[in-house]
$ cat structure01.cif   # mmCIF, N, CA and C atoms
data_input
#
loop_
_atom_site.label_atom_id
_atom_site.label_comp_id
_atom_site.auth_asym_id
_atom_site.auth_seq_id
_atom_site.Cartn_x
_atom_site.Cartn_y
_atom_site.Cartn_z
N MET T 1 54.22 164.69 127.70
CA MET T 1 54.70 163.67 128.61
C MET T 1 56.22 163.77 128.74
N ILE T 2 56.73 162.95 129.62
CA ILE T 2 58.17 162.96 129.87
C ILE T 2 58.96 162.50 128.65
N VAL T 3 58.36 161.57 127.87
CA VAL T 3 59.06 161.08 126.68
C VAL T 3 59.29 162.23 125.69
N ASN T 4 58.29 163.10 125.52
CA ASN T 4 58.43 164.25 124.63
C ASN T 4 59.55 165.17 125.11
N LYS T 5 59.60 165.40 126.40
CA LYS T 5 60.63 166.28 126.95
C LYS T 5 62.02 165.68 126.75
N LEU T 6 62.15 164.38 126.96
CA LEU T 6 63.44 163.73 126.74
C LEU T 6 63.83 163.73 125.27
N ARG T 7 62.85 163.51 124.38
CA ARG T 7 63.13 163.49 122.95
C ARG T 7 63.64 164.85 122.50
N ILE T 8 63.04 165.92 122.99
CA ILE T 8 63.47 167.27 122.63
C ILE T 8 64.84 167.56 123.24
N PHE T 9 65.03 167.17 124.50
CA PHE T 9 66.28 167.45 125.19
C PHE T 9 67.46 166.75 124.51
N PHE T 10 67.29 165.49 124.21
CA PHE T 10 68.39 164.72 123.62
C PHE T 10 68.40 164.76 122.10
N ASP T 11 67.33 165.27 121.48
CA ASP T 11 67.18 165.32 120.03
C ASP T 11 67.54 163.95 119.42
N ILE T 12 66.80 162.95 119.84
CA ILE T 12 67.05 161.58 119.42
C ILE T 12 66.93 161.47 117.91
N ASP T 13 67.91 160.86 117.30
CA ASP T 13 67.91 160.66 115.85
C ASP T 13 67.53 159.22 115.56
N TYR T 14 66.26 159.01 115.22
CA TYR T 14 65.79 157.67 114.92
C TYR T 14 66.18 157.30 113.50
N LYS T 15 66.63 156.09 113.31
CA LYS T 15 67.06 155.60 112.00
C LYS T 15 65.92 154.83 111.33
N THR T 16 65.89 154.87 110.00
CA THR T 16 64.90 154.09 109.27
C THR T 16 65.38 152.65 109.17
N GLY T 17 64.41 151.74 109.04
CA GLY T 17 64.74 150.33 108.90
C GLY T 17 65.05 149.62 110.20
N ILE T 18 64.97 150.31 111.31
CA ILE T 18 65.23 149.72 112.62
C ILE T 18 63.92 149.74 113.40
N GLU T 19 63.61 148.62 114.04
CA GLU T 19 62.38 148.52 114.82
C GLU T 19 62.60 149.15 116.20
N TYR T 20 61.73 150.07 116.57
CA TYR T 20 61.75 150.69 117.90
C TYR T 20 60.44 150.33 118.60
N TRP T 21 60.50 150.22 119.90
CA TRP T 21 59.30 149.96 120.70
C TRP T 21 58.97 151.22 121.48
N ILE T 22 57.77 151.75 121.24
CA ILE T 22 57.35 152.97 121.92
C ILE T 22 55.96 152.77 122.52
N PRO T 23 55.59 153.56 123.53
CA PRO T 23 54.23 153.47 124.07
C PRO T 23 53.22 153.86 122.99
N ILE T 24 52.16 153.09 122.89
CA ILE T 24 51.15 153.35 121.87
C ILE T 24 50.50 154.71 122.07
N SER T 25 50.47 155.19 123.29
CA SER T 25 49.88 156.49 123.58
C SER T 25 50.68 157.65 122.99
N GLU T 26 51.94 157.40 122.62
CA GLU T 26 52.79 158.44 122.04
C GLU T 26 52.51 158.66 120.55
N ILE T 27 51.82 157.73 119.91
CA ILE T 27 51.55 157.84 118.47
C ILE T 27 50.38 158.81 118.26
N LYS T 28 50.60 159.78 117.39
CA LYS T 28 49.56 160.76 117.06
C LYS T 28 48.89 160.36 115.75
N ILE T 29 47.57 160.41 115.73
CA ILE T 29 46.82 160.01 114.55
C ILE T 29 46.42 161.25 113.77
N LYS T 30 46.78 161.25 112.48
CA LYS T 30 46.43 162.38 111.61
C LYS T 30 44.94 162.35 111.29
N ASN T 31 44.39 163.53 111.00
CA ASN T 31 42.97 163.64 110.70
C ASN T 31 42.54 162.83 109.49
N MET T 32 43.45 162.63 108.53
CA MET T 32 43.08 161.87 107.34
C MET T 32 42.72 160.43 107.68
N PHE T 33 43.34 159.87 108.72
CA PHE T 33 42.98 158.52 109.15
C PHE T 33 41.65 158.52 109.89
N LEU T 34 41.43 159.54 110.70
CA LEU T 34 40.18 159.63 111.46
C LEU T 34 38.98 159.90 110.57
N ALA T 35 39.21 160.59 109.46
CA ALA T 35 38.11 160.97 108.56
C ALA T 35 37.55 159.78 107.79
N THR T 36 38.40 158.81 107.47
CA THR T 36 37.94 157.65 106.70
C THR T 36 38.33 156.37 107.43
N PRO T 37 37.37 155.75 108.09
CA PRO T 37 37.69 154.51 108.80
C PRO T 37 38.05 153.41 107.81
N PRO T 38 38.84 152.43 108.25
CA PRO T 38 39.24 151.35 107.35
C PRO T 38 38.04 150.49 106.96
N GLY T 39 38.16 149.83 105.83
CA GLY T 39 37.09 148.94 105.39
C GLY T 39 36.90 147.77 106.35
N TYR T 40 35.65 147.36 106.49
CA TYR T 40 35.31 146.30 107.44
C TYR T 40 36.04 145.00 107.12
N PHE T 41 36.00 144.58 105.85
CA PHE T 41 36.60 143.29 105.49
C PHE T 41 38.12 143.31 105.61
N LYS T 42 38.73 144.43 105.25
CA LYS T 42 40.19 144.54 105.40
C LYS T 42 40.57 144.48 106.88
N TYR T 43 39.80 145.18 107.73
CA TYR T 43 40.06 145.16 109.17
C TYR T 43 39.90 143.74 109.72
N ARG T 44 38.81 143.05 109.35
CA ARG T 44 38.56 141.70 109.86
C ARG T 44 39.64 140.72 109.40
N ARG T 45 40.10 140.87 108.14
CA ARG T 45 41.14 139.98 107.63
C ARG T 45 42.43 140.15 108.42
N LYS T 46 42.81 141.40 108.69
CA LYS T 46 44.04 141.65 109.45
C LYS T 46 43.88 141.24 110.92
N LEU T 47 42.69 141.44 111.47
CA LEU T 47 42.42 141.02 112.85
C LEU T 47 42.52 139.51 112.98
N ASN T 48 41.90 138.79 112.05
CA ASN T 48 41.96 137.32 112.09
C ASN T 48 43.39 136.83 111.90
N ASN T 49 44.15 137.47 111.03
CA ASN T 49 45.55 137.12 110.83
C ASN T 49 46.35 137.35 112.11
N PHE T 50 46.06 138.43 112.81
CA PHE T 50 46.75 138.72 114.07
C PHE T 50 46.40 137.67 115.13
N ILE T 51 45.13 137.32 115.22
CA ILE T 51 44.70 136.33 116.21
C ILE T 51 45.30 134.96 115.90
N LYS T 52 45.31 134.58 114.62
CA LYS T 52 45.77 133.25 114.23
C LYS T 52 47.30 133.12 114.25
N TYR T 53 48.00 134.13 113.72
CA TYR T 53 49.45 134.03 113.56
C TYR T 53 50.26 135.01 114.41
N GLY T 54 49.58 136.01 114.99
CA GLY T 54 50.29 137.01 115.79
C GLY T 54 51.09 138.00 114.96
N GLU T 55 50.72 138.16 113.69
CA GLU T 55 51.46 139.05 112.80
C GLU T 55 50.60 140.21 112.34
N LEU T 56 51.23 141.36 112.22
CA LEU T 56 50.59 142.56 111.70
C LEU T 56 51.54 143.27 110.76
N SER T 57 50.98 144.09 109.90
CA SER T 57 51.84 144.92 109.05
C SER T 57 52.48 145.99 109.93
N PRO T 58 53.64 146.50 109.52
CA PRO T 58 54.36 147.45 110.38
C PRO T 58 53.63 148.78 110.56
N ILE T 59 53.85 149.38 111.70
CA ILE T 59 53.35 150.73 111.98
C ILE T 59 54.50 151.68 111.64
N ILE T 60 54.23 152.62 110.76
CA ILE T 60 55.26 153.57 110.34
C ILE T 60 54.86 154.96 110.81
N ILE T 61 55.81 155.64 111.46
CA ILE T 61 55.55 156.99 111.97
C ILE T 61 56.65 157.92 111.47
N ASP T 62 56.37 159.22 111.58
CA ASP T 62 57.40 160.19 111.21
C ASP T 62 58.13 160.66 112.46
N ARG T 63 59.04 161.58 112.30
CA ARG T 63 59.87 162.05 113.41
C ARG T 63 59.05 162.70 114.53
N ASN T 64 57.85 163.21 114.18
CA ASN T 64 56.98 163.83 115.18
C ASN T 64 56.03 162.82 115.81
N PHE T 65 56.27 161.54 115.56
CA PHE T 65 55.46 160.44 116.08
C PHE T 65 54.03 160.46 115.52
N GLU T 66 53.84 161.03 114.33
CA GLU T 66 52.54 161.01 113.66
C GLU T 66 52.47 159.79 112.75
N LEU T 67 51.35 159.10 112.79
CA LEU T 67 51.18 157.88 112.01
C LEU T 67 51.22 158.19 110.52
N VAL T 68 52.01 157.42 109.79
CA VAL T 68 52.13 157.56 108.33
C VAL T 68 51.45 156.38 107.65
N ASP T 69 51.64 155.17 108.18
CA ASP T 69 51.06 153.96 107.61
C ASP T 69 50.89 152.93 108.72
N GLY T 70 49.93 152.01 108.52
CA GLY T 70 49.70 150.97 109.52
C GLY T 70 48.58 151.30 110.47
N TYR T 71 47.57 152.04 109.99
CA TYR T 71 46.47 152.46 110.86
C TYR T 71 45.70 151.26 111.40
N ILE T 72 45.46 150.25 110.57
CA ILE T 72 44.72 149.08 111.04
C ILE T 72 45.53 148.34 112.11
N SER T 73 46.81 148.22 111.92
CA SER T 73 47.66 147.59 112.94
C SER T 73 47.58 148.37 114.25
N TYR T 74 47.59 149.70 114.13
CA TYR T 74 47.45 150.56 115.31
C TYR T 74 46.12 150.28 116.02
N LEU T 75 45.03 150.21 115.25
CA LEU T 75 43.70 149.98 115.84
C LEU T 75 43.63 148.61 116.53
N ILE T 76 44.23 147.61 115.93
CA ILE T 76 44.22 146.27 116.53
C ILE T 76 45.02 146.26 117.82
N MET T 77 46.16 146.92 117.83
CA MET T 77 46.97 147.02 119.06
C MET T 77 46.21 147.76 120.15
N LYS T 78 45.50 148.82 119.78
CA LYS T 78 44.68 149.55 120.76
C LYS T 78 43.57 148.66 121.31
N ARG T 79 42.97 147.87 120.42
CA ARG T 79 41.87 146.99 120.82
C ARG T 79 42.32 145.99 121.88
N PHE T 80 43.54 145.50 121.77
CA PHE T 80 44.06 144.52 122.70
C PHE T 80 44.87 145.16 123.84
N ASN T 81 44.78 146.49 123.97
CA ASN T 81 45.43 147.22 125.06
C ASN T 81 46.92 146.92 125.19
N VAL T 82 47.60 146.90 124.05
CA VAL T 82 49.04 146.68 124.06
C VAL T 82 49.71 147.98 124.49
N GLY T 83 50.59 147.92 125.46
CA GLY T 83 51.22 149.12 126.00
C GLY T 83 52.28 149.72 125.08
N LYS T 84 53.20 148.86 124.62
CA LYS T 84 54.25 149.32 123.71
C LYS T 84 54.12 148.56 122.40
N VAL T 85 54.36 149.28 121.31
CA VAL T 85 54.21 148.68 119.98
C VAL T 85 55.49 148.87 119.18
N PRO T 86 55.76 147.93 118.27
CA PRO T 86 56.92 148.09 117.38
C PRO T 86 56.58 149.08 116.27
N VAL T 87 57.47 150.02 116.03
CA VAL T 87 57.27 151.00 114.97
C VAL T 87 58.55 151.15 114.16
N TYR T 88 58.37 151.65 112.96
CA TYR T 88 59.49 152.02 112.10
C TYR T 88 59.32 153.48 111.75
N PHE T 89 60.42 154.18 111.63
CA PHE T 89 60.36 155.59 111.27
C PHE T 89 60.45 155.77 109.76
N GLN T 90 59.67 156.71 109.28
CA GLN T 90 59.66 157.03 107.85
C GLN T 90 61.01 157.60 107.46
N GLN T 91 61.42 157.25 106.27
CA GLN T 91 62.71 157.75 105.77
C GLN T 91 62.64 159.25 105.56
N CYS T 92 63.61 159.96 106.11
CA CYS T 92 63.70 161.41 105.95
C CYS T 92 64.26 161.74 104.58
N VAL T 93 64.01 162.94 104.12
CA VAL T 93 64.51 163.39 102.82
C VAL T 93 66.03 163.40 102.80
N SER T 94 66.66 163.72 103.94
CA SER T 94 68.11 163.84 103.99
C SER T 94 68.83 162.50 103.96
N GLU T 95 68.11 161.37 104.18
CA GLU T 95 68.78 160.05 104.24
C GLU T 95 68.96 159.47 102.85
#
$ encode --input "structure01.cif" --output "structure tokens"
Amino acid sequence: MIVNKLRIFFDIDYKTGIEYWIPISEIKIKNMFLATPPGYFKYRRKLNNFIKYGELSPIIIDRNFELVDGYISYLIMKRFNVGKVPVYFQQCVSE
């Protein structure tokens, strides 16, 4: 997509600890998440918390936009067709 081309062109340096909003379609899901679906009760607890309070645990991605943590939050956002989601970038070794 165009976002990938711009990211490569400008070599955007994302900082850790800062919330960024990106299109949910840009997040890549690793096979380890796809291989083991989340537990039903954990998913329902987080879903109910989101419906009641509007809060989710953070979605953490790496520099390649691959999901590192927050798979259930990602699934809930997908379920509600949220276009852009708040994400945090994983801390790089050099930081």
$ select_by_dssp --input "structure01.cif" --residues "stretch 14-76 of chain T" --states "helix (DSSP H, G or I)" --output "list of chain:residue names"
T:Ile24, T:Ser25, T:Glu26, T:Asn31, T:Met32, T:Phe33, T:Leu34, T:Ala35, T:Tyr40, T:Phe41, T:Lys42, T:Tyr43, T:Arg44, T:Arg45, T:Lys46, T:Leu47, T:Asn48, T:Asn49, T:Phe50, T:Ile51, T:Lys52, T:Tyr53, T:Tyr71, T:Ile72, T:Ser73, T:Tyr74, T:Leu75, T:Ile76
$ axis_aligned_box --input "structure01.cif" --around "stretch 17-36 of chain T" --padding-each-side "3 Å" --output "lines of an AutoDock Vina configuration file"
center_x = 51.4
center_y = 156.1
center_z = 115.4
size_x = 33.7
size_y = 21.1
size_z = 23.4
$ resolve_selection --input "structure01.cif" --expression "the PyMOL selection byres ((chain T and resi 19) around 6.5)" --output "number ranges by chain"
T: 17-18, 20-21, 86-88
$ atom_distance --input "structure01.cif" --atom1 "atom CA of T:Lys84" --atom2 "atom CA of T:Glu26"
9.4 Å
$ resolve_selection --input "structure01.cif" --expression "the PyMOL selection byres ((chain T and resi 64) around 8)" --output "PyMOL selection string"
chain T and resi 26-28+61-63+65-67
$ residues_around --input "structure01.cif" --residues "T:Ile72" --least-positions-apart "6" --cutoff "8 Å" --atoms "only N, CA and C atoms" --output "ChimeraX atom specification"
/T:38,42-43,46-47,56-57,78
$ atom_distance --input "structure01.cif" --atom1 "atom C of T:Ala35" --atom2 "atom CA of T:Gly83"
25.1 Å
$ atom_distance --input "structure01.cif" --atom1 "atom CA of T:Val82" --atom2 "atom CA of T:Ser25"
9.9 Å
$ select_by_dssp --input "structure01.cif" --residues "chain T" --states "strand (DSSP E)" --output "list in words"
Tyr20, Trp21, Ile22, Pro23, Ile59, Ile60, Ile61, Leu67, Val68, Asp69, Lys84, Val85, Pro86, Val87, Tyr88 and Phe89 of chain T
$ closest_residue --input "structure01.cif" --among "T:Leu34, T:Gln91, T:Lys15, T:Ser73" --to "T:Gly54" --atoms "only C-alpha atoms"
T:Ser73
